[in-house]
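**Q** After the structure tokens below, expect a handful of questions from me.
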Amino acid sequence: MKIKTNYPDALSSPDYYDPIGAKQDNHSNENYLADLARVAGKDKFSYLDLGCAGGQSVVDLHSRGHIACGVEGSDLNIMLNHSLNHVDKNWKLYKDICLFKADITKPFLLSNGIDNIAHKFDIVTAWDVLEHPKEDNIPAVLENIKLHLSETGKFICLINTTPGHHHQCVKPFSWWDRIFREHNFVSIGWDFNTSPRHLSNPLGDEDFGFILQLK
């Protein structure tokens, strides 16, 4: 897989300059990988993780022969030189193989690198990511997801509502439900039992989740 973007760095995001999550979050587990296969409805599926940080779930699936990609816009130098939990190791080994740099609020294209056509993924995920861009940038993020989601694919996202410096779009469930519908996503309910960092229910008091498909 290859990425095409004019914006490898999310320069307008606080996460670029202070990547608290991206330099240490590097999670995966067997329960999560099995849950992805269940929701995808097949054992072999393609997977795109937005805001992937260390990208361990991407690396695990790539190593098992899946088409798997992770996209991250934070400062790679900080991720490499101030990392925890082997974030640096994954990026040194897998950059431009299955881990890619891009600002997800700007246009990007993941393809086979030959025909310049966006790969359509069975599963696209964004774990604790959508609350980070500014409100005005959310439509652009959703357009990137639509470009890369297959006709029957699932978009899985967990959204946190805790106020903070890095959270520039803290909105209630009703706001997210409306904006998804405005961009031709339909919610099919929350039927997901894990996350990259959780062996069981990932939803806390300040979180809500969506599984969405394109209309």
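Labels used: A, B, ... for chains in the order of the structure tokens, numbers from 1 for residues in each chain, and numbers from 1 for ligands as shown.
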Counting only C-alpha atoms, what is within 7 Å of Pro133 of chain A, bar same-chain residues fewer than 2 positions away, as a PyMOL selection string?

**A** chain A and resi 13+130-131+135+137-138+168-169

**Q** Which residues, written as an mmCIF file with C-alpha atoms, in the first residue's frame, have at least one atom at most 12 Å from Lys92 of chain A, with only C-alpha atoms counted and residues fewer than 5 positions away on the same chain left out?

**A**
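File produced: selection_36.cif:
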```
data_model
loop_
_atom_site.group_PDB
_atom_site.id
_atom_site.type_symbol
_atom_site.label_atom_id
_atom_site.label_comp_id
_atom_site.auth_asym_id
_atom_site.auth_seq_id
_atom_site.Cartn_x
_atom_site.Cartn_y
_atom_site.Cartn_z
ATOM 1 C CA GLY A 54 1.947 3.052 17.653
ATOM 2 C CA GLY A 55 -0.294 0.951 15.443
ATOM 3 C CA LEU A 76 7.158 11.510 14.181
ATOM 4 C CA ASN A 77 10.397 12.769 15.722
ATOM 5 C CA MET A 79 7.165 9.534 18.614
ATOM 6 C CA LEU A 80 10.539 8.040 17.749
ATOM 7 C CA ASN A 81 12.661 9.759 20.389
ATOM 8 C CA SER A 83 8.214 6.877 22.927
ATOM 9 C CA HIS A 86 7.556 0.237 21.520
ATOM 10 C CA VAL A 87 5.888 2.975 19.468
ATOM 11 C CA ILE A 97 4.684 -0.379 4.818
ATOM 12 C CA CYS A 98 1.551 -0.428 6.941
ATOM 13 C CA LEU A 99 1.972 2.712 9.073
ATOM 14 C CA PHE A 100 1.617 6.039 7.264
#
```

**Q** For segment 16-18 of chain A, work out the shell of residues within 9 Å, counting only C-alpha atoms and skipping chain neighbours fewer than 4 positions away, then give it as a PDB file with N, CA and C atoms, in the first residue's frame.

**A**
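Saved result, out.pdb, follows:
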```
ATOM      1  N   ASP A   9       1.800  15.936   8.158  1.00  0.00           N
ATOM      2  CA  ASP A   9       1.781  16.338   9.566  1.00  0.00           C
ATOM      3  C   ASP A   9       0.526  17.147   9.872  1.00  0.00           C
ATOM      4  N   ALA A  10      -0.098  16.851  11.000  1.00  0.00           N
ATOM      5  CA  ALA A  10      -1.302  17.570  11.437  1.00  0.00           C
ATOM      6  C   ALA A  10      -0.885  18.829  12.192  1.00  0.00           C
ATOM      7  N   LEU A  11      -0.396  19.801  11.461  1.00  0.00           N
ATOM      8  CA  LEU A  11       0.231  20.970  12.078  1.00  0.00           C
ATOM      9  C   LEU A  11      -0.749  21.845  12.855  1.00  0.00           C
ATOM     10  N   SER A  12      -2.041  21.751  12.555  1.00  0.00           N
ATOM     11  CA  SER A  12      -3.027  22.573  13.263  1.00  0.00           C
ATOM     12  C   SER A  12      -3.548  21.908  14.529  1.00  0.00           C
ATOM     13  N   ALA A  22      -0.067   9.588  21.023  1.00  0.00           N
ATOM     14  CA  ALA A  22       0.630   8.953  19.904  1.00  0.00           C
ATOM     15  C   ALA A  22       2.002   8.419  20.280  1.00  0.00           C
ATOM     16  N   GLY A  73      -0.938  11.592  12.359  1.00  0.00           N
ATOM     17  CA  GLY A  73      -0.452  12.904  11.977  1.00  0.00           C
ATOM     18  C   GLY A  73       0.453  13.583  12.974  1.00  0.00           C
ATOM     19  N   SER A  74       0.751  12.939  14.088  1.00  0.00           N
ATOM     20  CA  SER A  74       1.570  13.564  15.124  1.00  0.00           C
ATOM     21  C   SER A  74       3.039  13.640  14.708  1.00  0.00           C
ATOM     22  N   ASP A  75       3.813  14.402  15.452  1.00  0.00           N
ATOM     23  CA  ASP A  75       5.224  14.622  15.146  1.00  0.00           C
ATOM     24  C   ASP A  75       6.001  13.313  15.286  1.00  0.00           C
ATOM     25  N   LEU A  76       6.482  12.799  14.170  1.00  0.00           N
ATOM     26  CA  LEU A  76       7.158  11.510  14.181  1.00  0.00           C
ATOM     27  C   LEU A  76       8.463  11.558  14.965  1.00  0.00           C
ATOM     28  N   ILE A  78       9.079  13.143  17.723  1.00  0.00           N
ATOM     29  CA  ILE A  78       8.756  12.939  19.135  1.00  0.00           C
ATOM     30  C   ILE A  78       8.360  11.490  19.382  1.00  0.00           C
ATOM     31  N   HIS A 166      -6.390  18.820  24.219  1.00  0.00           N
ATOM     32  CA  HIS A 166      -6.290  18.073  22.976  1.00  0.00           C
ATOM     33  C   HIS A 166      -7.651  17.793  22.352  1.00  0.00           C
TER      34      HIS A 166
END
```

**Q** So, with only C-alpha atoms as the atoms that count, which of A:Cys69, A:Leu158, A:Leu61, A:Leu203 lies closest to Ala37 of chain A?

**A**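 For Ala37 of chain A, the nearest of the given residues is A:Leu61.
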
**Q** Per residue of segment 3-98 of chain A within 9 Å of segment 173-195 of chain A, note the shortest atom pair and the distance in Å to one decimal, counting only C-alpha atoms, and order the rows by chain and increasing residue number, as a tab-separated table.

**A**
```
residue	atom	partner	partner_atom	distance
A:His27	CA	A:Ser195	CA	8.7
A:Ser28	CA	A:Ser195	CA	7.9
A:Asn29	CA	A:Ser195	CA	8.3
A:Asn31	CA	A:Thr194	CA	6.7
A:Tyr32	CA	A:Thr194	CA	5.4
A:Leu33	CA	A:Ser195	CA	8.8
A:Asp35	CA	A:Phe192	CA	6.9
A:Leu36	CA	A:Phe192	CA	8.4
A:Val39	CA	A:Phe192	CA	7.8
```

**Q** Using only C-alpha atoms, which of A:Thr105, A:Gln24, A:Asn201, A:Thr162 sits nearest Val71 of chain A?

**A** A:Thr105

**Q** Would you please work out which residue, of A:Ala102, A:Leu212, A:Ala40, A:Ala126, is nearest to Pro196 of chain A when using only C-alpha atoms?

**A**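 Using only C-alpha atoms, Pro196 of chain A sits closest to A:Ala126.
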
**Q** What's the separation between atom CA of Gln56 of chain A and atom CA of Thr125 of chain A, in Å to one decimal place?

**A**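 Going from atom CA of Gln56 of chain A over to atom CA of Thr125 of chain A covers 13.5 Å.
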
**Q** I'd like the neighbourhood of Gly41 of chain A as a list in words, where a residue qualifies if any of its atoms comes within 12 Å (using only C-alpha atoms), though same-chain residues fewer than 2 positions away should be ignored.

**A**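 What passes the distance filter is Ala34, Asp35, Leu36, Ala37, Arg38, Val39, Asp43, Lys44, Phe45, Ser46, Asp122, Ile123, Thr152, Gly153 and Lys154 of chain A.
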
**Q** With DSSP run on the backbone, what are the alpha helix (DSSP H) residues within segment 158-198 of chain A? I'd like them as a PyMOL selection string.

**A** chain A and resi 173-182
